[in-house]
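Q: Contents of final_26.cif (mmCIF, C-alpha atoms):
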data_start
loop_
_atom_site.label_atom_id
_atom_site.label_comp_id
_atom_site.auth_asym_id
_atom_site.auth_seq_id
_atom_site.Cartn_x
_atom_site.Cartn_y
_atom_site.Cartn_z
CA MET A 1477 100.43 94.90 72.64
CA ASN A 1478 103.64 93.10 73.57
CA LEU A 1479 103.90 95.07 76.84
CA VAL A 1480 100.32 94.06 77.68
CA VAL A 1481 101.17 90.37 77.30
CA LEU A 1482 104.41 90.70 79.28
CA ALA A 1483 102.77 92.70 82.07
CA LEU A 1484 99.90 90.22 82.34
CA ALA A 1485 102.34 87.32 82.62
CA GLN A 1486 104.21 89.17 85.37
CA PHE A 1487 100.91 89.82 87.14
CA LEU A 1488 100.25 86.07 87.05
CA LEU A 1489 103.63 85.19 88.59
CA ALA A 1490 103.30 87.73 91.39
CA LEU A 1491 99.66 86.82 91.98
CA ASP A 1492 100.42 83.15 92.31
CA TYR A 1493 103.05 83.72 94.99
CA SER A 1494 100.64 85.58 97.28
CA ILE A 1495 97.22 84.22 96.33
CA VAL A 1496 97.68 81.14 98.52
CA TYR A 1497 98.32 83.17 101.69
CA VAL A 1498 94.66 83.70 102.55
CA ALA A 1499 93.88 80.17 101.32
CA LEU A 1500 96.50 78.51 103.58
CA PRO A 1501 94.20 77.85 106.57
CA GLY A 1502 91.59 76.30 104.28
CA ILE A 1503 94.20 74.21 102.46
CA ALA A 1504 95.66 73.05 105.77
CA ASP A 1505 92.24 72.04 107.14
CA ASP A 1506 91.13 70.28 103.94
CA LEU A 1507 94.37 68.34 103.42
CA GLY A 1508 95.28 67.83 107.08
CA LEU A 1509 98.46 69.95 107.18
CA ASP A 1510 99.96 71.65 110.24
CA LEU A 1511 101.31 75.22 110.08
CA GLY A 1512 104.91 74.16 109.49
CA THR A 1513 103.91 71.95 106.57
CA ALA A 1514 101.38 74.44 105.22
CA GLN A 1515 104.06 77.14 104.81
CA TRP A 1516 105.64 74.83 102.23
CA VAL A 1517 102.73 75.67 99.93
CA VAL A 1518 104.52 79.03 99.70
CA SER A 1519 108.10 77.71 99.86
CA ALA A 1520 107.54 74.88 97.35
CA TYR A 1521 106.84 77.60 94.80
CA ALA A 1522 109.48 80.10 95.92
CA VAL A 1523 112.51 77.79 96.22
CA PRO A 1524 112.37 76.19 92.72
CA PHE A 1525 111.51 79.64 91.38
CA ALA A 1526 114.67 81.05 92.94
CA GLY A 1527 116.81 77.99 92.25
CA PHE A 1528 116.17 77.73 88.51
CA LEU A 1529 115.88 81.41 87.60
CA LEU A 1530 119.48 81.73 86.47
CA VAL A 1531 119.09 78.64 84.31
CA GLY A 1532 116.00 80.33 82.89
CA GLY A 1533 118.03 83.47 82.22
CA ARG A 1534 120.71 81.54 80.37
CA LEU A 1535 118.08 79.62 78.40
CA ALA A 1536 116.34 82.86 77.45
CA ASP A 1537 119.64 84.28 76.20
CA ARG A 1538 120.45 81.07 74.36
CA VAL A 1539 117.20 79.78 72.79
CA GLY A 1540 115.35 83.07 72.58
CA ALA A 1541 113.19 84.72 75.22
CA SER A 1542 109.99 84.53 73.17
CA ARG A 1543 110.23 80.75 72.67
CA LEU A 1544 110.93 80.24 76.36
CA PHE A 1545 108.04 82.56 77.26
CA VAL A 1546 105.51 80.40 75.42
CA ALA A 1547 106.86 77.07 76.71
CA ALA A 1548 107.01 78.27 80.32
CA THR A 1549 103.49 79.72 80.15
CA VAL A 1550 102.09 76.37 78.99
CA LEU A 1551 103.94 74.52 81.79
CA PHE A 1552 102.59 76.98 84.34
CA GLY A 1553 99.03 76.37 83.14
CA VAL A 1554 99.38 72.58 83.32
CA ALA A 1555 100.86 72.77 86.84
CA SER A 1556 97.99 75.05 87.91
CA VAL A 1557 95.44 72.46 86.78
CA ALA A 1558 97.32 69.76 88.74
CA GLY A 1559 97.33 71.95 91.87
CA GLY A 1560 93.64 72.72 91.57
CA LEU A 1561 92.78 69.03 91.32
CA ALA A 1562 95.23 67.81 94.00
CA GLY A 1563 93.76 65.26 96.41
CA ASP A 1564 96.50 65.35 99.05
CA GLY A 1565 99.37 67.50 100.30
CA ALA A 1566 102.10 65.67 98.37
CA VAL A 1567 100.42 66.24 95.00
CA LEU A 1568 99.73 69.87 95.84
CA LEU A 1569 103.35 70.53 96.84
CA ALA A 1570 104.58 68.81 93.67
CA ALA A 1571 102.28 71.01 91.59
CA ARG A 1572 103.54 74.10 93.42
CA GLY A 1573 107.11 73.01 92.67
CA ALA A 1574 106.26 72.64 88.99
CA GLN A 1575 104.70 76.11 89.04
CA GLY A 1576 107.93 77.40 90.59
CA VAL A 1577 110.07 75.87 87.83
CA ALA A 1578 107.75 77.30 85.17
CA ALA A 1579 107.92 80.71 86.84
CA ALA A 1580 111.71 80.47 86.90
CA LEU A 1581 111.72 80.06 83.13
CA LEU A 1582 109.02 82.66 82.52
CA GLN A 1583 110.33 85.53 84.68
CA PRO A 1584 113.69 86.07 82.89
CA ALA A 1585 111.97 85.66 79.53
CA ILE A 1586 109.62 88.52 80.46
CA LEU A 1587 112.40 90.83 81.60
CA GLY A 1588 114.65 89.81 78.72
CA LEU A 1589 111.91 90.72 76.24
CA ILE A 1590 111.45 94.08 77.94
CA GLY A 1591 115.22 94.65 77.79
CA THR A 1592 115.42 93.89 74.08
CA SER A 1593 112.11 95.43 73.02
CA PHE A 1594 112.65 98.85 74.58
CA ALA A 1595 115.72 101.04 74.09
CA PRO A 1596 117.81 102.00 77.16
CA GLY A 1597 116.72 105.27 78.74
CA PRO A 1598 113.21 106.72 79.03
CA ALA A 1599 111.48 104.01 76.95
CA ARG A 1600 112.85 101.14 79.01
CA THR A 1601 112.33 103.00 82.29
CA ARG A 1602 108.67 103.55 81.39
CA ALA A 1603 108.26 99.90 80.37
CA LEU A 1604 109.87 98.72 83.61
CA SER A 1605 107.65 101.10 85.55
CA VAL A 1606 104.54 99.57 83.97
CA TRP A 1607 105.91 96.08 84.55
CA GLY A 1608 106.79 96.90 88.15
CA ALA A 1609 103.41 98.47 88.87
CA VAL A 1610 101.63 95.41 87.50
CA GLY A 1611 103.90 93.00 89.38
CA ALA A 1612 103.56 94.81 92.69
CA SER A 1613 99.81 95.02 92.16
CA GLY A 1614 99.75 91.28 91.48
CA LEU A 1615 101.33 90.53 94.86
CA ALA A 1616 98.81 92.76 96.59
CA ALA A 1617 95.83 91.60 94.53
CA GLY A 1618 96.71 87.98 95.25
CA VAL A 1619 95.70 88.18 98.88
CA VAL A 1620 92.45 89.97 97.98
CA LEU A 1621 91.54 87.58 95.16
CA GLY A 1622 92.58 84.63 97.30
CA GLY A 1623 90.04 85.64 99.91
CA LEU A 1624 87.27 85.92 97.32
CA LEU A 1625 88.04 82.62 95.61
CA THR A 1626 88.61 80.67 98.81
CA ARG A 1627 85.03 81.36 99.83
CA ALA A 1628 84.02 78.98 97.03
CA SER A 1629 87.04 76.68 97.30
CA TRP A 1630 90.80 77.08 97.72
CA ARG A 1631 91.15 75.08 94.50
CA TRP A 1632 90.07 78.13 92.50
CA THR A 1633 93.24 79.91 93.60
CA PHE A 1634 95.01 77.53 91.19
CA LEU A 1635 92.40 77.08 88.48
CA VAL A 1636 91.99 80.84 87.98
CA ASN A 1637 95.43 80.83 86.31
CA VAL A 1638 94.34 78.68 83.38
CA PRO A 1639 92.58 81.28 81.16
CA VAL A 1640 95.40 83.76 81.82
CA THR A 1641 98.06 81.28 80.72
CA VAL A 1642 96.10 80.49 77.56
CA PHE A 1643 95.89 84.19 76.65
CA CYS A 1644 99.60 84.77 77.37
CA ALA A 1645 100.72 81.71 75.39
CA VAL A 1646 98.66 82.74 72.35
CA GLY A 1647 99.81 86.34 72.73
CA GLY A 1648 103.42 85.19 72.93
CA LEU A 1649 103.07 83.33 69.63
CA LEU A 1650 101.38 86.28 67.92
CA TRP A 1651 103.19 89.37 69.23
CA LEU A 1652 106.52 88.49 70.84
CA SER A 1653 109.82 87.89 69.11
CA SER A 1654 113.44 87.74 70.24
CA VAL A 1655 116.88 87.07 68.82
CA THR A 1656 119.01 84.16 70.03
CA ALA A 1657 122.11 85.98 71.20
CA SER A 1658 124.22 83.59 73.25
CA ARG A 1659 125.75 80.14 72.99
CA ARG A 1660 126.95 80.03 76.58
CA ARG A 1661 126.65 76.78 78.52
CA VAL A 1662 123.52 76.44 80.67
CA PRO A 1663 124.68 75.63 84.26
CA LEU A 1664 122.06 73.05 85.21
CA GLY A 1665 124.33 71.26 87.71
CA ALA A 1666 125.12 74.49 89.53
CA SER A 1667 121.41 75.33 89.65
CA LEU A 1668 120.59 71.95 91.20
CA LEU A 1669 123.24 72.56 93.85
CA GLY A 1670 121.85 76.03 94.57
CA THR A 1671 118.27 74.79 94.71
CA GLY A 1672 119.27 71.92 96.98
CA ALA A 1673 121.05 74.33 99.31
CA ALA A 1674 118.03 76.62 99.43
CA LEU A 1675 115.65 73.73 100.12
CA ALA A 1676 117.96 72.47 102.88
CA VAL A 1677 118.05 75.90 104.55
CA VAL A 1678 114.24 76.13 104.52
CA LEU A 1679 113.99 72.56 105.84
CA ALA A 1680 116.45 73.41 108.61
CA LEU A 1681 114.32 76.40 109.60
CA THR A 1682 111.15 74.27 109.47
CA PHE A 1683 112.75 71.64 111.72
CA ALA A 1684 114.77 74.09 113.79
CA GLY A 1685 116.00 71.49 116.26
CA SER A 1686 117.36 69.06 113.64
CA LEU A 1687 121.15 69.03 113.52
CA THR A 1688 120.97 66.75 110.47
CA ALA A 1689 118.99 69.35 108.52
CA TRP A 1690 121.45 72.12 109.45
CA ALA A 1691 124.44 69.92 108.56
CA LEU A 1692 122.90 69.11 105.17
CA ALA A 1693 122.22 72.81 104.57
CA ALA A 1694 125.83 73.72 105.42
CA LEU A 1695 127.20 70.93 103.22
CA LEU A 1696 125.13 71.88 100.17
CA ALA A 1697 125.74 75.60 100.66
CA GLY A 1698 129.49 74.95 100.85
CA ALA A 1699 129.40 72.81 97.71
CA PHE A 1700 127.45 75.51 95.87
CA LEU A 1701 129.90 78.27 96.87
CA ALA A 1702 132.87 76.09 95.88
CA ASN A 1703 131.27 75.44 92.51
CA GLU A 1704 130.68 79.16 91.99
CA ARG A 1705 134.31 79.93 92.76
CA TYR A 1706 136.09 77.21 90.80
CA SER A 1707 133.71 75.85 88.15
CA ALA A 1708 134.07 76.72 84.47
CA ALA A 1709 130.25 77.05 84.36
CA PRO A 1710 129.15 78.91 87.51
CA LEU A 1711 125.52 79.72 88.09
CA VAL A 1712 126.19 83.47 88.38
CA ASP A 1713 128.22 84.68 85.43
CA ARG A 1714 131.47 86.23 86.66
CA SER A 1715 131.05 89.27 84.45
CA LEU A 1716 127.71 90.01 86.10
CA ARG A 1717 129.26 89.86 89.57
CA ARG A 1718 131.43 92.86 88.71
CA ILE A 1719 128.44 95.17 88.02
CA ARG A 1720 127.96 97.19 91.21
CA SER A 1721 124.41 98.30 90.47
CA LEU A 1722 123.39 94.67 89.92
CA ARG A 1723 124.94 93.58 93.23
CA LEU A 1724 123.09 96.33 95.08
CA GLY A 1725 119.89 95.54 93.19
CA ALA A 1726 120.12 91.89 94.24
CA ALA A 1727 120.59 92.90 97.87
CA ALA A 1728 117.59 95.24 97.56
CA THR A 1729 115.34 92.51 96.14
CA ALA A 1730 116.31 90.21 99.03
CA LEU A 1731 115.54 92.88 101.64
CA TYR A 1732 112.28 93.70 99.86
CA MET A 1733 111.08 90.13 100.36
CA ALA A 1734 112.38 90.09 103.94
CA SER A 1735 110.28 93.17 104.67
CA VAL A 1736 107.13 94.26 102.80
CA GLY A 1737 107.21 91.18 100.55
CA SER A 1738 106.54 88.96 103.60
CA GLU A 1739 104.07 91.36 105.19
CA PHE A 1740 101.17 89.56 103.48
CA TYR A 1741 102.03 86.30 105.22
CA VAL A 1742 102.16 87.84 108.70
CA VAL A 1743 99.00 89.91 108.25
CA THR A 1744 97.10 86.91 106.82
CA LEU A 1745 97.86 84.78 109.86
CA LEU A 1746 97.10 87.69 112.20
CA LEU A 1747 93.69 88.24 110.63
CA GLN A 1748 92.64 84.60 110.39
CA ARG A 1749 94.38 82.91 113.32
CA LEU A 1750 94.38 85.69 115.90
CA ARG A 1751 91.22 87.60 114.95
CA GLY A 1752 89.18 84.78 113.44
CA TYR A 1753 88.44 86.50 110.10
CA GLU A 1754 86.97 84.22 107.45
CA PRO A 1755 88.90 84.21 104.11
CA LEU A 1756 86.54 86.64 102.35
CA LEU A 1757 86.73 89.20 105.16
CA ALA A 1758 90.50 88.79 105.32
CA GLY A 1759 90.71 89.47 101.59
CA VAL A 1760 88.58 92.60 101.96
CA ALA A 1761 90.83 93.77 104.81
CA PHE A 1762 93.75 93.75 102.34
CA LEU A 1763 92.02 96.08 99.87
CA PRO A 1764 93.52 99.33 101.27
CA LEU A 1765 96.99 97.78 101.14
CA ALA A 1766 96.47 96.64 97.55
CA ALA A 1767 95.27 100.09 96.51
CA MET A 1768 98.29 101.79 98.07
CA VAL A 1769 100.69 99.35 96.40
CA THR A 1770 99.23 100.34 93.03
CA LEU A 1771 99.49 104.05 93.88
CA GLY A 1772 103.08 103.66 95.01
CA SER A 1773 104.04 101.83 91.84
CA SER A 1774 102.38 104.49 89.69
CA ALA A 1775 104.29 107.27 91.44
CA THR A 1776 107.70 105.64 91.04
CA ALA A 1777 108.67 106.75 87.53
CA ALA A 1778 108.03 110.45 88.25
CA THR A 1779 109.87 110.20 91.56
CA ILE A 1780 112.88 108.59 89.91
CA ARG A 1781 113.00 111.30 87.26
CA ARG A 1782 113.14 113.95 89.95
CA PHE A 1783 115.30 112.38 92.66
CA GLY A 1784 117.11 109.45 91.03
CA THR A 1785 116.68 105.72 91.51
CA ALA A 1786 118.87 105.29 94.60
CA ARG A 1787 117.26 108.09 96.59
CA THR A 1788 113.78 106.89 95.61
CA LEU A 1789 114.56 103.33 96.69
CA SER A 1790 116.13 104.46 99.98
CA ALA A 1791 113.18 106.69 100.83
CA ALA A 1792 110.73 103.91 99.96
CA PHE A 1793 112.52 101.42 102.22
CA GLY A 1794 112.55 104.02 105.00
CA LEU A 1795 108.83 104.63 104.60
CA ALA A 1796 108.23 100.87 104.65
CA ALA A 1797 110.14 100.62 107.93
CA VAL A 1798 107.82 103.26 109.43
CA GLY A 1799 104.70 101.41 108.24
CA LEU A 1800 105.91 98.02 109.48
CA ALA A 1801 106.94 99.49 112.82
CA ALA A 1802 103.42 100.92 113.12
CA LEU A 1803 102.06 97.40 112.59
CA ALA A 1804 104.44 96.06 115.22
CA VAL A 1805 103.13 98.58 117.74
CA GLY A 1806 99.42 98.62 116.87
CA GLY A 1807 98.83 95.46 114.86
CA THR A 1808 97.00 93.67 117.64
CA GLY A 1809 94.66 96.63 118.22
CA SER A 1810 91.51 97.40 116.27
CA TYR A 1811 91.61 97.21 112.48
CA VAL A 1812 90.93 100.92 111.84
CA THR A 1813 93.28 102.42 114.43
CA GLY A 1814 95.77 99.58 114.84
CA LEU A 1815 96.23 97.92 111.45
CA LEU A 1816 95.03 100.33 108.80
CA PRO A 1817 97.63 103.13 109.21
CA GLY A 1818 100.52 100.69 108.94
CA LEU A 1819 98.95 98.94 105.96
CA LEU A 1820 98.50 102.22 104.09
CA VAL A 1821 102.04 103.47 104.69
CA SER A 1822 103.79 100.16 104.05
CA GLY A 1823 101.61 99.51 100.98
CA PHE A 1824 102.59 102.78 99.28
CA ALA A 1825 106.26 102.10 100.05
CA HIS A 1826 105.89 98.53 98.76
CA GLY A 1827 104.85 99.71 95.31
CA MET A 1828 107.78 102.14 95.06
CA ILE A 1829 110.34 99.58 96.23
CA TYR A 1830 109.19 96.90 93.80
CA THR A 1831 109.64 99.04 90.71
CA SER A 1832 112.75 101.01 91.66
CA MET A 1833 114.80 98.02 92.82
CA PHE A 1834 114.63 96.43 89.36
CA ILE A 1835 115.41 99.71 87.59
CA LEU A 1836 118.46 100.10 89.82
CA GLY A 1837 119.63 96.53 89.35
CA ALA A 1838 119.35 96.55 85.54
CA SER A 1839 120.67 100.08 84.96
CA ASP A 1840 124.26 99.16 84.03
CA VAL A 1841 123.74 95.68 82.55
CA PRO A 1842 124.70 95.14 78.88
CA GLN A 1843 121.84 94.50 76.48
CA GLU A 1844 122.83 90.89 75.76
CA GLN A 1845 122.78 89.95 79.47
CA GLN A 1846 119.46 91.49 80.46
CA SER A 1847 117.72 88.11 80.88
CA SER A 1848 120.48 86.69 83.07
CA ALA A 1849 120.65 89.84 85.18
CA ALA A 1850 116.87 89.85 85.62
CA ALA A 1851 117.07 86.22 86.71
CA LEU A 1852 119.73 87.06 89.30
CA LEU A 1853 117.57 89.85 90.75
CA THR A 1854 114.51 87.64 91.01
CA THR A 1855 116.54 84.72 92.38
CA SER A 1856 117.61 86.90 95.28
CA GLN A 1857 114.02 88.06 95.72
CA TYR A 1858 112.31 84.68 95.95
CA LEU A 1859 115.10 82.87 97.78
CA ALA A 1860 114.89 85.54 100.47
CA GLY A 1861 111.09 85.15 100.43
CA ALA A 1862 111.27 81.40 101.09
CA VAL A 1863 113.81 81.76 103.89
CA THR A 1864 111.94 84.67 105.49
CA VAL A 1865 108.59 82.86 105.49
CA ALA A 1866 110.23 79.82 107.11
CA ALA A 1867 111.90 82.02 109.75
CA LEU A 1868 108.72 83.99 110.44
CA THR A 1869 106.79 80.73 110.82
CA LEU A 1870 109.03 79.88 113.78
CA VAL A 1871 108.27 83.26 115.37
CA LEU A 1872 104.56 83.02 114.65
CA THR A 1873 104.22 79.54 116.13
CA GLY A 1874 103.91 81.34 119.45
CA ASN A 1875 101.71 84.11 117.98
CA HIS A 1876 104.50 86.68 118.40
CA PHE A 1877 103.13 89.00 115.72
CA GLY A 1878 104.79 92.11 117.09
CA ALA A 1879 108.21 90.46 116.89
CA ALA A 1880 107.52 89.34 113.32
CA PHE A 1881 106.65 92.89 112.25
CA TRP A 1882 109.75 94.27 113.99
CA ILE A 1883 111.90 91.81 112.02
CA THR A 1884 110.42 93.00 108.74
CA ALA A 1885 110.79 96.65 109.79
CA GLY A 1886 114.47 96.06 110.58
CA CYS A 1887 115.04 94.59 107.12
CA SER A 1888 113.40 97.67 105.57
CA ALA A 1889 115.67 99.98 107.55
CA LEU A 1890 118.68 98.00 106.31
CA GLY A 1891 117.41 98.38 102.74
CA ALA A 1892 117.18 102.15 103.17
CA ALA A 1893 120.80 102.33 104.29
CA LEU A 1894 121.99 100.02 101.52
CA ALA A 1895 120.32 101.99 98.72
CA LEU A 1896 122.19 105.16 99.71
CA ARG A 1897 125.46 103.45 98.82
CA ARG A 1898 124.49 103.49 95.16
CA ALA A 1899 126.01 106.36 93.16
CA PRO A 1900 123.55 108.44 91.07
CA VAL A 1901 122.43 106.60 87.97
CA PRO A 1902 123.39 107.95 84.54
CA ALA A 1903 121.17 110.79 83.41
CA ALA A 1904 120.10 108.84 80.31
CA ALA A 1905 118.50 106.20 82.52
CA VAL A 1906 116.20 108.59 84.30
CA ALA A 1907 115.63 111.36 81.80
CA SER A 1908 112.05 112.18 81.05
#
Would you kindly transcribe this structure into structure tokens?
A:
Amino acid sequence: MNLVVLALAQFLLALDYSIVYVALPGIADDLGLDLGTAQWVVSAYAVPFAGFLLVGGRLADRVGASRLFVAATVLFGVASVAGGLAGDGAVLLAARGAQGVAAALLQPAILGLIGTSFAPGPARTRALSVWGAVGASGLAAGVVLGGLLTRASWRWTFLVNVPVTVFCAVGGLLWLSSVTASRRRVPLGASLLGTGAALAVVLALTFAGSLTAWALAALLAGAFLANERYSAAPLVDRSLRRIRSLRLGAAATALYMASVGSEFYVVTLLLQRLRGYEPLLAGVAFLPLAAMVTLGSSATAATIRRFGTARTLSAAFGLAAVGLAALAVGGTGSYVTGLLPGLLVSGFAHGMIYTSMFILGASDVPQEQQSSAAALLTTSQYLAGAVTVAALTLVLTGNHFGAAFWITAGCSALGAALALRRAPVPAAAVAS
């Protein structure tokens, strides 16, 4: 039952990142937001999520992942209510930020509980495969469910979280337990610097012509890097930096969000802005993609057992590049002949990438640092997501959808090359 609770919580986090995509035009119209401001409904969640994940990992290691799981789930539910009732853009963005902080605490607690509840080897690989399949499906299902709920009101894209958070919080109290294993200092100051740097970069991309925004981004990024190098309490533990599989896993999660992870955003705007689809029809148009994501996730464990994690991840990134390139070429054509083939291919690859990148990243991490390592992987993922969405917004301001798809395809190709640098994982990690 504990895996059910953990997987459902992961589904919620992934769902809530993508569920607002189809709702964005409706939110913008209702609250009077332009496209540049509306993309902050995504970024206001992603940047705090990325910025506080490593704090969440340290807290999970220090106070116990199960305690943090329950507290973060409650915070997420409260923030969802605030977002659903928001009367203006400022309140909505504040609620999204609170959701992002809650997600940053919840995500490492989930992965830490998986790492401590399942022994290394086949049991943990299977658990991560289930978790990955559910998470990838949540990202895909978000755009479909968002279309359905937005037909009634975009507010339901927030309020739908409430019963799920109640179930997860109660389930966490009943079925989850963890051991407090670390007394290491929690680097809150370093996290604030990192979050500030990330916010400044996204702001600089939003206001591309502002030298002040770019100067602030450079200043905060420099201060963050200096802190990481010289501080006694860096955000990224120095022992984790030496684990090669974790470094490659973090790069893979970043390239995942720069490629298929941002595909939803581009396709949503293409369907609604360029083709005039209403939210419900846009959600239905995502159904084939969502189905293929689930199939790809389900096929990952067997593929890893046969070919290894690195080869599986490289092949999946390569397949994603093919699918995204197909969208770049035919995306402005008819749905069946222009969009559908690329959606099917990239969707299957998406599911395989999502699961295998986390298995690769966590493969060599010691048991007591699983929460912190998981936080580092997801930090890279959502920070890249926020920056990519901001960059793609600049491209899409002129409706250059082909260029946006080519950018994501290029990131997938880079991911395929990167994954091949990983040496074969130990046999124990992939044995059946």
Q: Measuring between all atoms listed in the file, which one of A:Gly1670, A:Thr1682, A:Ser1888, A:Tyr1830 shows the shortest distance to Leu1701 (chain A)?
A: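 Residue with the minimum atom-to-atom distance to Leu1701 (chain A): A:Gly1670.
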Q: Can you check which parts of region 1806-1873 of chain A lie within 10 Å of region 1785-1788 of chain A? Per residue, the shortest pair of atoms and distance in Å to one decimal, counting only C-alpha atoms, sorted by chain and number, as a Markdown table.
A:
| residue | atom | partner | partner_atom | distance |
| --- | --- | --- | --- | --- |
| A:Ala1825 | CA | A:Thr1788 | CA | 10.0 |
| A:Met1828 | CA | A:Thr1788 | CA | 7.7 |
| A:Ile1829 | CA | A:Thr1788 | CA | 8.1 |
| A:Thr1831 | CA | A:Thr1785 | CA | 9.7 |
| A:Ser1832 | CA | A:Thr1785 | CA | 6.1 |
| A:Met1833 | CA | A:Thr1785 | CA | 8.0 |
| A:Phe1834 | CA | A:Thr1785 | CA | 9.8 |
| A:Ile1835 | CA | A:Thr1785 | CA | 7.3 |
| A:Leu1836 | CA | A:Thr1785 | CA | 6.1 |
| A:Gly1837 | CA | A:Thr1785 | CA | 9.9 |
| A:Ser1839 | CA | A:Thr1785 | CA | 9.5 |
Q: Neighbourhood query: residues within 9 Å of (89.1, 89.8, 97.5), file coordinates, counting all atoms listed in the file; return as a list in words.
A: Ala1617, Gly1618, Val1619, Val1620, Leu1621, Gly1622, Gly1623, Leu1624, Leu1625, Pro1755, Leu1756, Leu1757, Ala1758, Gly1759, Val1760, Ala1761, Phe1762 and Leu1763 of chain A
Q: Output C-alpha atoms for every residue in that selection, as a PDB file, in the frame of the given file.
A:
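File produced: out.pdb:
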ATOM      1  CA  ALA A1617      95.830  91.600  94.530  1.00  0.00           C
ATOM      2  CA  GLY A1618      96.710  87.980  95.250  1.00  0.00           C
ATOM      3  CA  VAL A1619      95.700  88.180  98.880  1.00  0.00           C
ATOM      4  CA  VAL A1620      92.450  89.970  97.980  1.00  0.00           C
ATOM      5  CA  LEU A1621      91.540  87.580  95.160  1.00  0.00           C
ATOM      6  CA  GLY A1622      92.580  84.630  97.300  1.00  0.00           C
ATOM      7  CA  GLY A1623      90.040  85.640  99.910  1.00  0.00           C
ATOM      8  CA  LEU A1624      87.270  85.920  97.320  1.00  0.00           C
ATOM      9  CA  LEU A1625      88.040  82.620  95.610  1.00  0.00           C
ATOM     10  CA  PRO A1755      88.900  84.210 104.110  1.00  0.00           C
ATOM     11  CA  LEU A1756      86.540  86.640 102.350  1.00  0.00           C
ATOM     12  CA  LEU A1757      86.730  89.200 105.160  1.00  0.00           C
ATOM     13  CA  ALA A1758      90.500  88.790 105.320  1.00  0.00           C
ATOM     14  CA  GLY A1759      90.710  89.470 101.590  1.00  0.00           C
ATOM     15  CA  VAL A1760      88.580  92.600 101.960  1.00  0.00           C
ATOM     16  CA  ALA A1761      90.830  93.770 104.810  1.00  0.00           C
ATOM     17  CA  PHE A1762      93.750  93.750 102.340  1.00  0.00           C
ATOM     18  CA  LEU A1763      92.020  96.080  99.870  1.00  0.00           C
TER      19      LEU A1763
END
Q: For region 1551-1554 of chain A, find every residue with an atom within 7 Å (counting all atoms listed in the file), except residues of its own chain fewer than 3 positions away, and show them as a list in words.
A: Ala1547, Ala1548, Val1557, Ala1558, Gln1575, Ala1578, Ala1579, Asn1637, Val1638 and Thr1641 of chain A
Q: Please produce an output containing C-alpha atoms for each residue in the selection, written as a short mmCIF file (atom, residue, chain, number, x, y, z; two decimals), in the frame of the given file.
A:
data_model
loop_
_atom_site.label_atom_id
_atom_site.label_comp_id
_atom_site.auth_asym_id
_atom_site.auth_seq_id
_atom_site.Cartn_x
_atom_site.Cartn_y
_atom_site.Cartn_z
CA ALA A 1547 106.86 77.07 76.71
CA ALA A 1548 107.01 78.27 80.32
CA VAL A 1557 95.44 72.46 86.78
CA ALA A 1558 97.32 69.76 88.74
CA GLN A 1575 104.70 76.11 89.04
CA ALA A 1578 107.75 77.30 85.17
CA ALA A 1579 107.92 80.71 86.84
CA ASN A 1637 95.43 80.83 86.31
CA VAL A 1638 94.34 78.68 83.38
CA THR A 1641 98.06 81.28 80.72
#
Q: Report as CSV the residues of region 1557-1622 of chain A within 8 Å of region 1764-1784 of chain A, each with its shortest atom pair and distance in Å (one decimal), using all atoms listed in the file, ordered by chain and increasing residue number.
A:
residue,atom,partner,partner_atom,distance
A:Thr1601,CA,A:Ala1777,CA,7.4
A:Arg1602,CA,A:Ala1777,CA,6.9
A:Ser1605,CA,A:Ala1777,CA,6.1
A:Val1606,CA,A:Ser1774,CA,7.8
A:Gly1608,CA,A:Ser1773,CA,6.7
A:Ala1609,CA,A:Ser1773,CA,4.5
A:Val1610,CA,A:Thr1770,CA,7.8
A:Ala1612,CA,A:Val1769,CA,6.5
A:Ser1613,CA,A:Thr1770,CA,5.4
A:Ala1616,CA,A:Ala1766,CA,4.6
A:Ala1617,CA,A:Ala1766,CA,5.9
A:Val1620,CA,A:Ala1766,CA,7.8
Q: List the spatial neighbours of Ala1860 (chain A) as a list in words - criterion: any atom at most 10 Å away, all atoms listed in the file, same-chain residues fewer than 3 positions off excluded.
A: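 Non-adjacent residues within range: Ala1522, Val1523, Ala1526, Ala1674, Ala1727, Thr1729, Ala1730, Leu1731, Tyr1732, Met1733, Ala1734, Ser1735, Gly1737, Ser1738, Thr1854, Thr1855, Ser1856, Gln1857, Val1863, Thr1864, Val1865 and Ala1866 of chain A.
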Q: Report the distance between CA of Gln1846 (chain A) and CA of Leu1589 (chain A) in Å, rounded to one decimal place.
A: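 Atom-to-atom, CA of Gln1846 (chain A) to CA of Leu1589 (chain A), that is 8.7 Å.
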Q: Starting from the shown file, work through the PyMOL selection byres ((chain A and resi 1668) around 10) and note down what comes out as a list of chain:residue names.
A: A:Pro1524, A:Gly1527, A:Phe1528, A:Val1531, A:Pro1663, A:Leu1664, A:Gly1665, A:Ala1666, A:Ser1667, A:Leu1669, A:Gly1670, A:Thr1671, A:Gly1672, A:Ala1673, A:Ala1674, A:Phe1700, A:Leu1711
Q: Since we have the selection now, will you write its residues out, keeping C-alpha atoms, as a tab-separated table (two decimals), keeping the file's coordinate frame?
A:
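Saved file again.tsv follows:
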chain	number	residue	atom	x	y	z
A	1524	PRO	CA	112.37	76.19	92.72
A	1527	GLY	CA	116.81	77.99	92.25
A	1528	PHE	CA	116.17	77.73	88.51
A	1531	VAL	CA	119.09	78.64	84.31
A	1663	PRO	CA	124.68	75.63	84.26
A	1664	LEU	CA	122.06	73.05	85.21
A	1665	GLY	CA	124.33	71.26	87.71
A	1666	ALA	CA	125.12	74.49	89.53
A	1667	SER	CA	121.41	75.33	89.65
A	1669	LEU	CA	123.24	72.56	93.85
A	1670	GLY	CA	121.85	76.03	94.57
A	1671	THR	CA	118.27	74.79	94.71
A	1672	GLY	CA	119.27	71.92	96.98
A	1673	ALA	CA	121.05	74.33	99.31
A	1674	ALA	CA	118.03	76.62	99.43
A	1700	PHE	CA	127.45	75.51	95.87
A	1711	LEU	CA	125.52	79.72	88.09
